[in-house]
>>> print(open('structure22.pdb').read())   # PDB, C-alpha atoms and all ligand atoms
ATOM      1  CA  MET A1157      11.208  95.939 114.676
ATOM      2  CA  VAL A1158      11.245  94.894 118.309
ATOM      3  CA  ILE A1159      14.279  93.122 119.760
ATOM      4  CA  ASP A1160      14.925  91.469 123.082
ATOM      5  CA  LEU A1161      18.484  92.085 124.200
ATOM      6  CA  ASN A1162      18.875  88.584 125.603
ATOM      7  CA  GLN A1163      18.302  87.110 122.099
ATOM      8  CA  LEU A1164      21.324  88.951 120.664
ATOM      9  CA  THR A1165      25.017  88.088 120.595
ATOM     10  CA  PRO A1166      27.238  90.429 122.681
ATOM     11  CA  ALA A1167      28.514  92.043 119.457
ATOM     12  CA  GLU A1168      24.961  92.687 118.173
ATOM     13  CA  ARG A1169      23.911  94.094 121.550
ATOM     14  CA  GLN A1170      26.877  96.468 121.514
ATOM     15  CA  ASN A1171      26.056  97.503 117.946
ATOM     16  CA  TYR A1172      22.383  98.387 118.615
ATOM     17  CA  LEU A1173      23.149 100.176 121.892
ATOM     18  CA  GLN A1174      26.081 102.209 120.516
ATOM     19  CA  HIS A1175      24.092 103.420 117.501
ATOM     20  CA  ALA A1176      21.033 104.255 119.632
ATOM     21  CA  ILE A1177      22.745 105.870 122.624
ATOM     22  CA  ALA A1178      24.613 108.569 120.774
ATOM     23  CA  PRO A1179      26.327 110.962 120.540
ATOM     24  CA  ARG A1180      28.465 110.150 123.572
ATOM     25  CA  PRO A1181      31.117 112.533 124.927
ATOM     26  CA  ILE A1182      34.676 111.199 124.942
ATOM     27  CA  CYS A1183      36.837 110.902 128.041
ATOM     28  CA  PHE A1184      40.498 110.663 127.063
ATOM     29  CA  ALA A1185      41.851 109.001 130.190
ATOM     30  CA  SER A1186      45.447 109.257 131.317
ATOM     31  CA  THR A1187      46.354 106.708 134.005
ATOM     32  CA  ILE A1188      49.487 105.226 135.532
ATOM     33  CA  ASN A1189      50.378 101.884 137.143
ATOM     34  CA  LYS A1190      52.400 101.237 140.309
ATOM     35  CA  ALA A1191      55.598 100.930 138.243
ATOM     36  CA  GLY A1192      54.981 104.419 136.841
ATOM     37  CA  GLN A1193      53.996 103.326 133.298
ATOM     38  CA  VAL A1194      51.552 105.760 131.730
ATOM     39  CA  ASN A1195      48.514 104.822 129.628
ATOM     40  CA  LEU A1196      46.290 107.049 127.495
ATOM     41  CA  SER A1197      43.000 105.751 126.010
ATOM     42  CA  PRO A1198      39.609 107.128 124.931
ATOM     43  CA  PHE A1199      36.291 106.016 126.453
ATOM     44  CA  SER A1200      32.895 107.153 125.240
ATOM     45  CA  PHE A1201      30.967 105.317 127.931
ATOM     46  CA  PHE A1202      31.348 108.521 129.882
ATOM     47  CA  ASN A1203      29.310 111.267 131.467
ATOM     48  CA  MET A1204      28.826 113.467 134.528
ATOM     49  CA  PHE A1205      26.449 112.236 137.206
ATOM     50  CA  SER A1206      26.710 114.818 139.957
ATOM     51  CA  SER A1207      28.038 118.337 140.327
ATOM     52  CA  ASN A1208      28.061 118.454 144.125
ATOM     53  CA  PRO A1209      30.075 116.346 144.739
ATOM     54  CA  PRO A1210      31.529 116.601 141.202
ATOM     55  CA  ILE A1211      31.329 113.004 139.977
ATOM     56  CA  VAL A1212      32.052 111.687 136.473
ATOM     57  CA  ILE A1213      32.026 108.029 135.410
ATOM     58  CA  PHE A1214      33.623 106.222 132.492
ATOM     59  CA  SER A1215      33.623 102.546 131.686
ATOM     60  CA  PRO A1216      36.479 100.459 130.280
ATOM     61  CA  ALA A1217      34.615  97.294 129.269
ATOM     62  CA  ARG A1218      35.884  93.724 129.151
ATOM     63  CA  ARG A1219      36.716  92.987 125.525
ATOM     64  CA  VAL A1220      33.832  91.293 123.677
ATOM     65  CA  ARG A1221      36.432  89.450 121.566
ATOM     66  CA  ASP A1222      38.313  87.573 124.298
ATOM     67  CA  ASN A1223      36.970  88.834 127.670
ATOM     68  CA  THR A1224      40.293  90.450 128.613
ATOM     69  CA  THR A1225      40.429  93.730 130.568
ATOM     70  CA  LYS A1226      41.824  97.099 129.439
ATOM     71  CA  HIS A1227      45.084  98.554 130.737
ATOM     72  CA  THR A1228      43.216 101.644 131.930
ATOM     73  CA  LEU A1229      41.095  99.506 134.250
ATOM     74  CA  GLU A1230      44.150  97.653 135.558
ATOM     75  CA  ASN A1231      45.898 100.981 136.184
ATOM     76  CA  VAL A1232      43.090 102.653 138.165
ATOM     77  CA  LEU A1233      42.871  99.538 140.334
ATOM     78  CA  GLU A1234      46.599  99.949 141.099
ATOM     79  CA  VAL A1235      46.734 103.780 141.311
ATOM     80  CA  PRO A1236      43.238 105.264 141.822
ATOM     81  CA  GLU A1237      43.853 108.500 139.950
ATOM     82  CA  VAL A1238      43.047 109.675 136.416
ATOM     83  CA  VAL A1239      43.267 112.789 134.294
ATOM     84  CA  ILE A1240      40.218 113.083 132.034
ATOM     85  CA  ASN A1241      41.022 115.147 128.964
ATOM     86  CA  ILE A1242      38.068 116.411 126.929
ATOM     87  CA  VAL A1243      38.318 115.620 123.220
ATOM     88  CA  ASP A1244      37.710 118.308 120.605
ATOM     89  CA  TYR A1245      37.787 118.222 116.814
ATOM     90  CA  ASP A1246      41.458 119.255 116.584
ATOM     91  CA  MET A1247      42.444 116.081 118.470
ATOM     92  CA  VAL A1248      40.141 113.396 117.107
ATOM     93  CA  GLN A1249      42.444 111.561 114.672
ATOM     94  CA  GLN A1250      45.249 111.291 117.230
ATOM     95  CA  VAL A1251      42.736 110.157 119.866
ATOM     96  CA  SER A1252      41.617 107.372 117.550
ATOM     97  CA  LEU A1253      45.252 106.393 117.074
ATOM     98  CA  ALA A1254      45.716 106.218 120.856
ATOM     99  CA  SER A1255      42.846 103.699 121.029
ATOM    100  CA  CYS A1256      44.931 101.050 119.212
ATOM    101  CA  GLU A1257      45.670  98.073 121.399
ATOM    102  CA  PHE A1258      49.302  98.921 122.060
ATOM    103  CA  PRO A1259      51.176  96.560 124.450
ATOM    104  CA  ARG A1260      50.966  97.309 128.161
ATOM    105  CA  ASP A1261      54.439  98.872 128.365
ATOM    106  CA  ILE A1262      53.666 101.405 125.625
ATOM    107  CA  ASP A1263      52.774 104.911 126.772
ATOM    108  CA  GLU A1264      50.210 105.983 124.126
ATOM    109  CA  PHE A1265      51.297 109.621 124.477
ATOM    110  CA  VAL A1266      54.247 108.607 122.276
ATOM    111  CA  PRO A1267      52.673 106.838 119.248
ATOM    112  CA  SER A1268      49.644 109.181 119.243
ATOM    113  CA  GLY A1269      51.926 112.215 119.265
ATOM    114  CA  PHE A1270      50.314 114.035 122.200
ATOM    115  CA  THR A1271      52.352 116.080 124.682
ATOM    116  CA  ALA A1272      52.394 114.955 128.330
ATOM    117  CA  GLU A1273      52.184 117.806 130.839
ATOM    118  CA  PRO A1274      52.559 117.140 134.604
ATOM    119  CA  ALA A1275      49.305 117.294 136.567
ATOM    120  CA  THR A1276      49.291 119.213 139.837
ATOM    121  CA  LEU A1277      47.392 116.935 142.248
ATOM    122  CA  VAL A1278      47.587 113.446 140.710
ATOM    123  CA  LYS A1279      50.322 111.312 139.182
ATOM    124  CA  PRO A1280      49.028 110.635 135.636
ATOM    125  CA  PRO A1281      50.018 113.408 133.204
ATOM    126  CA  MET A1282      47.611 115.701 131.382
ATOM    127  CA  VAL A1283      47.273 115.988 127.595
ATOM    128  CA  LYS A1284      48.622 119.451 126.788
ATOM    129  CA  GLU A1285      46.597 119.711 123.558
ATOM    130  CA  SER A1286      43.244 119.167 125.313
ATOM    131  CA  LYS A1287      41.376 122.392 126.114
ATOM    132  CA  VAL A1288      39.739 120.983 129.264
ATOM    133  CA  LYS A1289      41.548 118.633 131.613
ATOM    134  CA  MET A1290      40.199 117.269 134.880
ATOM    135  CA  GLU A1291      42.406 115.907 137.624
ATOM    136  CA  CYS A1292      40.395 113.176 139.340
ATOM    137  CA  LYS A1293      40.525 110.826 142.289
ATOM    138  CA  VAL A1294      38.962 107.389 141.611
ATOM    139  CA  ILE A1295      36.549 106.778 144.475
ATOM    140  CA  GLU A1296      35.151 103.410 143.370
ATOM    141  CA  VAL A1297      35.430 100.867 140.576
ATOM    142  CA  LYS A1298      32.256  98.888 140.079
ATOM    143  CA  PRO A1299      32.337  95.837 137.762
ATOM    144  CA  LEU A1300      29.002  95.294 135.963
ATOM    145  CA  GLY A1301      29.625  91.652 134.999
ATOM    146  CA  THR A1302      32.234  89.025 134.241
ATOM    147  CA  GLU A1303      31.515  88.237 130.551
ATOM    148  CA  GLY A1304      32.986  89.897 127.456
ATOM    149  CA  GLY A1305      31.353  93.325 127.002
ATOM    150  CA  ALA A1306      30.785  93.859 130.743
ATOM    151  CA  GLY A1307      31.527  97.428 131.747
ATOM    152  CA  ASN A1308      33.464  98.583 134.783
ATOM    153  CA  LEU A1309      32.277 101.866 136.211
ATOM    154  CA  VAL A1310      35.255 104.010 137.139
ATOM    155  CA  ILE A1311      33.634 106.523 139.470
ATOM    156  CA  CYS A1312      35.765 109.649 139.719
ATOM    157  CA  GLU A1313      35.658 112.796 141.785
ATOM    158  CA  VAL A1314      36.919 115.824 139.864
ATOM    159  CA  LEU A1315      39.409 117.712 142.028
ATOM    160  CA  ARG A1316      40.722 120.380 139.668
ATOM    161  CA  MET A1317      39.939 121.580 136.146
ATOM    162  CA  HIS A1318      42.351 123.222 133.727
ATOM    163  CA  ILE A1319      40.558 125.239 131.062
ATOM    164  CA  ASP A1320      42.256 126.848 128.087
ATOM    165  CA  ASP A1321      41.786 130.635 128.129
ATOM    166  CA  SER A1322      40.859 130.575 124.430
ATOM    167  CA  ILE A1323      37.471 128.963 125.172
ATOM    168  CA  LEU A1324      36.473 131.292 128.037
ATOM    169  CA  ASN A1325      34.006 134.161 127.752
ATOM    170  CA  GLU A1326      34.384 137.518 129.512
ATOM    171  CA  LYS A1327      32.796 136.088 132.697
ATOM    172  CA  LYS A1328      35.430 133.312 132.749
ATOM    173  CA  PHE A1329      32.870 130.613 131.933
ATOM    174  CA  ILE A1330      33.242 128.185 129.028
ATOM    175  CA  ASP A1331      31.850 129.662 125.817
ATOM    176  CA  GLN A1332      29.898 126.744 124.337
ATOM    177  CA  THR A1333      30.476 127.980 120.798
ATOM    178  CA  LYS A1334      34.267 127.885 121.230
ATOM    179  CA  LEU A1335      34.747 124.302 122.414
ATOM    180  CA  HIS A1336      34.329 122.073 119.378
ATOM    181  CA  HIS A1337      33.601 118.795 121.117
ATOM    182  CA  VAL A1338      33.528 115.600 119.169
ATOM    183  CA  ALA A1339      31.330 112.732 120.264
ATOM    184  CA  ARG A1340      31.163 109.036 119.393
ATOM    185  CA  LEU A1341      28.123 107.400 117.820
ATOM    186  CA  GLY A1342      27.735 103.892 116.348
ATOM    187  CA  GLY A1343      30.434 102.156 114.282
ATOM    188  CA  ASP A1344      32.929 104.643 112.844
ATOM    189  CA  TRP A1345      30.575 107.637 113.196
ATOM    190  CA  TYR A1346      31.493 110.755 115.155
ATOM    191  CA  SER A1347      29.749 114.111 115.461
ATOM    192  CA  LYS A1348      31.225 117.551 115.816
ATOM    193  CA  VAL A1349      29.857 120.501 117.765
ATOM    194  CA  ASP A1350      30.190 123.768 115.867
ATOM    195  CA  SER A1351      28.051 126.774 114.987
ATOM    196  CA  ASN A1352      26.165 124.696 112.361
ATOM    197  CA  SER A1353      25.150 121.971 114.791
ATOM    198  CA  LEU A1354      24.454 124.083 117.889
ATOM    199  CA  PHE A1355      21.019 125.467 118.738
ATOM    200  CA  GLN A1356      19.358 126.705 121.894
ATOM    201  CA  VAL A1357      16.127 125.587 123.559
ATOM    202  CA  GLU A1358      14.783 128.027 126.087
ATOM    203  CA  LYS A1359      14.928 126.430 129.532
ATOM    204  CA  PRO A1360      11.496 126.201 131.174
ATOM    205  CA  ASN A1361      11.780 128.263 134.356
ATOM    206  CA  VAL A1362      10.240 127.415 137.721
ATOM    207  CA  LYS A1363       6.778 128.304 136.403
ATOM    208  CA  LEU A1364       4.962 125.419 134.717
ATOM    209  CA  GLY A1365       4.075 125.400 131.027
ATOM    210  CA  VAL A1366       0.344 125.152 130.213
ATOM    211  CA  GLY A1367       1.007 121.853 128.412
ATOM    212  CA  VAL A1368       0.174 120.539 124.951
ATOM    213  CA  ASP A1369      -3.007 118.981 126.357
ATOM    214  CA  ALA A1370      -4.326 122.472 127.200
ATOM    215  CA  LEU A1371      -3.907 123.836 123.654
ATOM    216  CA  PRO A1372      -7.124 124.567 121.702
ATOM    217  CA  ALA A1373      -8.136 121.478 119.668
ATOM    218  CA  HIS A1374      -7.545 123.110 116.264
ATOM    219  CA  ILE A1375      -3.940 123.859 117.292
ATOM    220  CA  ARG A1376      -3.294 120.516 119.026
ATOM    221  CA  ASN A1377      -4.649 118.559 116.053
ATOM    222  CA  SER A1378      -3.067 120.768 113.385
ATOM    223  CA  LYS A1379      -1.725 118.933 110.335
ATOM    224  CA  ILE A1380       0.819 121.719 109.832
ATOM    225  CA  LEU A1381       2.304 122.363 113.277
ATOM    226  CA  THR A1382       4.943 119.842 114.378
ATOM    227  CA  GLY A1383       5.596 118.278 117.796
ATOM    228  CA  ASN A1384       8.347 120.852 118.359
ATOM    229  CA  ASN A1385       5.892 123.663 117.553
ATOM    230  CA  LEU A1386       3.310 122.269 120.012
ATOM    231  CA  GLY A1387       6.069 122.011 122.641
ATOM    232  CA  GLN A1388       6.890 125.698 122.141
ATOM    233  CA  LEU A1389       3.221 126.711 122.417
ATOM    234  CA  GLY A1390       2.625 124.523 125.483
ATOM    235  CA  ASN A1391       5.640 126.036 127.243
ATOM    236  CA  VAL A1392       3.922 129.395 127.913
ATOM    237  CA  HIS A1393       2.979 129.923 131.563
ATOM    238  CA  GLU A1394      -0.516 131.313 130.965
ATOM    239  CA  MET A1395      -2.909 130.656 128.123
ATOM    240  CA  PRO A1396      -2.527 133.720 125.862
ATOM    241  CA  VAL A1397      -5.574 135.753 124.886
ATOM    242  CA  ILE A1398      -6.148 137.757 121.718
ATOM    243  CA  ASP A1399      -4.276 141.051 121.953
ATOM    244  CA  PRO A1400      -6.298 143.744 120.123
ATOM    245  CA  ALA A1401      -3.117 145.823 119.764
ATOM    246  CA  PHE A1402      -1.334 143.066 117.772
ATOM    247  CA  GLU A1403      -0.682 144.326 114.244
ATOM    248  CA  ASP A1404       0.825 142.229 111.487
ATOM    249  CA  GLU A1405       0.811 142.768 107.721
ATOM    250  CA  THR A1406       0.874 139.078 106.790
ATOM    251  CA  LEU A1407      -1.998 138.362 109.167
ATOM    252  CA  LYS A1408      -4.011 141.196 107.590
ATOM    253  CA  ASN A1409      -3.353 139.797 104.115
ATOM    254  CA  ILE A1410      -4.399 136.288 105.128
ATOM    255  CA  PHE A1411      -7.658 137.677 106.499
ATOM    256  CA  GLN A1412      -8.236 139.682 103.345
ATOM    257  CA  TYR A1413      -7.611 136.849 100.866
ATOM    258  CA  TYR A1414      -9.038 133.840 102.687
ATOM    259  CA  SER A1415     -12.017 135.163 104.683
ATOM    260  CA  ILE A1416     -14.481 133.435 102.355
ATOM    261  CA  ASN A1417     -12.856 130.046 102.877
ATOM    262  CA  PRO A1418     -12.391 129.230 106.599
ATOM    263  CA  ASP A1419     -10.552 125.923 105.945
ATOM    264  CA  GLU A1420      -8.024 127.592 103.662
ATOM    265  CA  MET A1421      -7.673 130.447 106.128
ATOM    266  CA  GLU A1422      -6.880 128.043 108.978
ATOM    267  CA  LYS A1423      -4.276 126.348 106.784
ATOM    268  CA  GLU A1424      -2.645 129.678 105.951
ATOM    269  CA  LEU A1425      -2.688 130.852 109.578
ATOM    270  CA  HIS A1426      -1.128 127.597 110.780
ATOM    271  CA  THR A1427       1.540 127.830 108.073
ATOM    272  CA  TYR A1428       2.367 131.387 109.095
ATOM    273  CA  GLY A1429       2.232 130.445 112.808
ATOM    274  CA  LYS A1430       4.686 127.648 112.118
ATOM    275  CA  GLN A1431       7.049 130.061 110.359
ATOM    276  CA  LEU A1432       6.980 132.347 113.407
ATOM    277  CA  LEU A1433       7.555 129.440 115.814
ATOM    278  CA  ASP A1434      10.464 128.155 113.750
ATOM    279  CA  ALA A1435      11.941 131.657 114.043
ATOM    280  CA  GLY A1436      11.476 131.518 117.844
ATOM    281  CA  LYS A1437       8.637 134.109 117.889
ATOM    282  CA  VAL A1438       6.273 132.299 120.247
ATOM    283  CA  GLN A1439       4.103 135.239 121.408
ATOM    284  CA  GLU A1440       3.540 136.395 117.823
ATOM    285  CA  ALA A1441       2.709 132.838 116.754
ATOM    286  CA  TRP A1442       0.117 132.598 119.518
ATOM    287  CA  GLN A1443      -1.566 135.787 118.243
ATOM    288  CA  VAL A1444      -1.706 134.400 114.705
ATOM    289  CA  LEU A1445      -2.994 130.991 115.792
ATOM    290  CA  LEU A1446      -5.614 132.480 118.119
ATOM    291  CA  ALA A1447      -6.977 134.393 115.150
ATOM    292  CA  THR A1448      -8.324 131.092 113.736
ATOM    293  CA  SER A1449     -10.594 130.443 116.715
TER     294      SER A1449
HETATM  295  C1  LIG B1501      36.396 107.353 120.588
HETATM  296  C2  LIG B1501      36.563 106.015 121.256
HETATM  297  C3  LIG B1501      35.775 105.689 122.348
HETATM  298  C4  LIG B1501      35.946 104.476 122.990
HETATM  299  N1  LIG B1501      35.166 104.192 124.073
HETATM  300  C5  LIG B1501      35.361 103.047 124.767
HETATM  301  C6  LIG B1501      34.609 102.776 125.941
HETATM  302  O1  LIG B1501      33.774 103.578 126.377
HETATM  303  N2  LIG B1501      34.851 101.630 126.615
HETATM  304  C7  LIG B1501      35.798 100.744 126.198
HETATM  305  O2  LIG B1501      35.985  99.717 126.851
HETATM  306  N3  LIG B1501      36.537 100.979 125.081
HETATM  307  C8  LIG B1501      36.355 102.112 124.380
HETATM  308  N4  LIG B1501      37.102 102.373 123.270
HETATM  309  C9  LIG B1501      38.183 101.442 122.917
HETATM  310  C10 LIG B1501      39.400 101.662 123.795
HETATM  311  O3  LIG B1501      39.882 102.985 123.662
HETATM  312  C11 LIG B1501      40.500 100.687 123.371
HETATM  313  O4  LIG B1501      40.074  99.370 123.688
HETATM  314  C12 LIG B1501      41.838 100.953 123.989
HETATM  315  O5  LIG B1501      42.795 100.160 123.337
HETATM  316  C13 LIG B1501      41.898 100.613 125.467
HETATM  317  O6  LIG B1501      43.221 100.913 125.867
HETATM  318  P1  LIG B1501      43.911 100.324 127.157
HETATM  319  O7  LIG B1501      43.842  98.797 127.109
HETATM  320  O8  LIG B1501      45.296 100.831 126.994
HETATM  321  O9  LIG B1501      43.201 100.879 128.355
HETATM  322  C14 LIG B1501      36.931 103.566 122.548
HETATM  323  C15 LIG B1501      37.716 103.893 121.435
HETATM  324  C16 LIG B1501      37.533 105.088 120.790
HETATM  325  C17 LIG B1501      38.376 105.439 119.605
END
>>> encode(input="structure22.pdb", output="structure tokens", more="lines below")
Ligand SMILES: Cc1cc2nc3c(=O)[nH]c(=O)nc-3n(C[C@H](O)[C@H](O)[C@H](O)COP(=O)(O)O)c2cc1C
Amino acid sequence: MVIDLNQLTPAERQNYLQHAIAPRPICFASTINKAGQVNLSPFSFFNMFSSNPPIVIFSPARRVRDNTTKHTLENVLEVPEVVINIVDYDMVQQVSLASCEFPRDIDEFVPSGFTAEPATLVKPPMVKESKVKMECKVIEVKPLGTEGGAGNLVICEVLRMHIDDSILNEKKFIDQTKLHHVARLGGDWYSKVDSNSLFQVEKPNVKLGVGVDALPAHIRNSKILTGNNLGQLGNVHEMPVIDPAFEDETLKNIFQYYSINPDEMEKELHTYGKQLLDAGKVQEAWQVLLATS
């Protein structure tokens, strides 16, 4: 299916985009108006865009339903300060509750049951239960349109972070396995970061990878190796050569049983190479795959 966004209703546009651009981190924004009334609402149109200066942006959109604006937007236009509280799994149901359209004079800390804690540099309070809180100065608010659904970029500079000791490692950095973020997807869907959903991809360093296009044809066109496997193989910095010292029992057995049938042997070697790649053993996989050439 191919769709042109200008052929859709605002609600359909929002639906396709929110399901496709996911998961999105959640900014739980605490703001205050000139009269001192506090507001607390979640926004998943949110991310970081710069670390030096430290800039994060979230977007309270004009309501698709009736083109009205959100209290959070009105507040940051009056008092350009916000505390962004990061949402983790322990908080998600109360965060959803805080997103109800309570009247302007309601401080959502109260109905959602969160604890307000004074911030140190800005006026809006922090959410005590959040494990990462960022005190921010709003440096610009940029409207993206005037119709229902139009976003308003609230561009914030992070001045100070408060990080719960329980999620720090011994070097005082955040331990990614200890902060169980939740993120918003389409409709009512959320995702949760935990040890089952986390995995690591080795960062390519300053040296270039050889590239998938440089892989020998029988590897590049393999019916067994996946795109991820080719990515792993193409990420080596120099094209590996056969290492005569490489010893492997499975490889020996494959040679022994399949030497009379080269097609079957290639299939077996690719299957074994894939197993090694899926286990993160790239150098070993290269040795096995080179044995087919
Ligand atoms: C997890 C979550 C993420 C949300 N993200 C956004 C968003 O990015 N932009 C937006 O305009 N509304 C978003 N909403 C809806 C607002 O939170 C909701 O409209 C809220 O009532 C606004 O409150 P306010 O008028 O007090 O600022 C989200 C709701 C939830 C539960």
>>> closest_atom_pairs(input="structure22.pdb", of="range 1249-1305 of chain A", to="range 1330-1335 of chain A", cutoff="12 Å", atoms="all atoms listed in the file", output="CSV")
residue,atom,partner,partner_atom,distance
A:Ser1286,CA,A:Leu1335,CA,10.3
A:Lys1287,CA,A:Leu1335,CA,7.8
A:Val1288,CA,A:Leu1335,CA,9.1
>>> atom_distance(input="structure22.pdb", atom1="CA of Glu1394 in chain A", atom2="CA of Gln1356 in chain A")
22.3 Å
>>> residues_near_point(input="structure22.pdb", point="(24.0, 118.9, 117.2)", cutoff="12 Å", atoms="all atoms listed in the file", output="count of residues only")
19
>>> residues_near_ligand(input="structure22.pdb", ligand="ligand LIG 1501 (chain B)", cutoff="9 Å", atoms="all atoms listed in the file", output="PyMOL selection string")
chain A and resi 1180-1185+1187+1195-1202+1214-1219+1225-1231+1243+1248-1249+1251-1260+1262-1264+1305-1308+1338-1341+1344+1346
>>> residues_around(input="structure22.pdb", residues="Glu1422 in chain A", least_positions_apart="2", cutoff="9 Å", atoms="all atoms listed in the file", output="PDB file with C-alpha atoms, in the frame of the given file")
ATOM      1  CA  HIS A1374      -7.545 123.110 116.264  1.00  0.00           C
ATOM      2  CA  TYR A1414      -9.038 133.840 102.687  1.00  0.00           C
ATOM      3  CA  ASN A1417     -12.856 130.046 102.877  1.00  0.00           C
ATOM      4  CA  PRO A1418     -12.391 129.230 106.599  1.00  0.00           C
ATOM      5  CA  ASP A1419     -10.552 125.923 105.945  1.00  0.00           C
ATOM      6  CA  GLU A1420      -8.024 127.592 103.662  1.00  0.00           C
ATOM      7  CA  GLU A1424      -2.645 129.678 105.951  1.00  0.00           C
ATOM      8  CA  LEU A1425      -2.688 130.852 109.578  1.00  0.00           C
ATOM      9  CA  HIS A1426      -1.128 127.597 110.780  1.00  0.00           C
ATOM     10  CA  THR A1427       1.540 127.830 108.073  1.00  0.00           C
ATOM     11  CA  LEU A1445      -2.994 130.991 115.792  1.00  0.00           C
ATOM     12  CA  ALA A1447      -6.977 134.393 115.150  1.00  0.00           C
ATOM     13  CA  THR A1448      -8.324 131.092 113.736  1.00  0.00           C
ATOM     14  CA  SER A1449     -10.594 130.443 116.715  1.00  0.00           C
TER      15      SER A1449
END
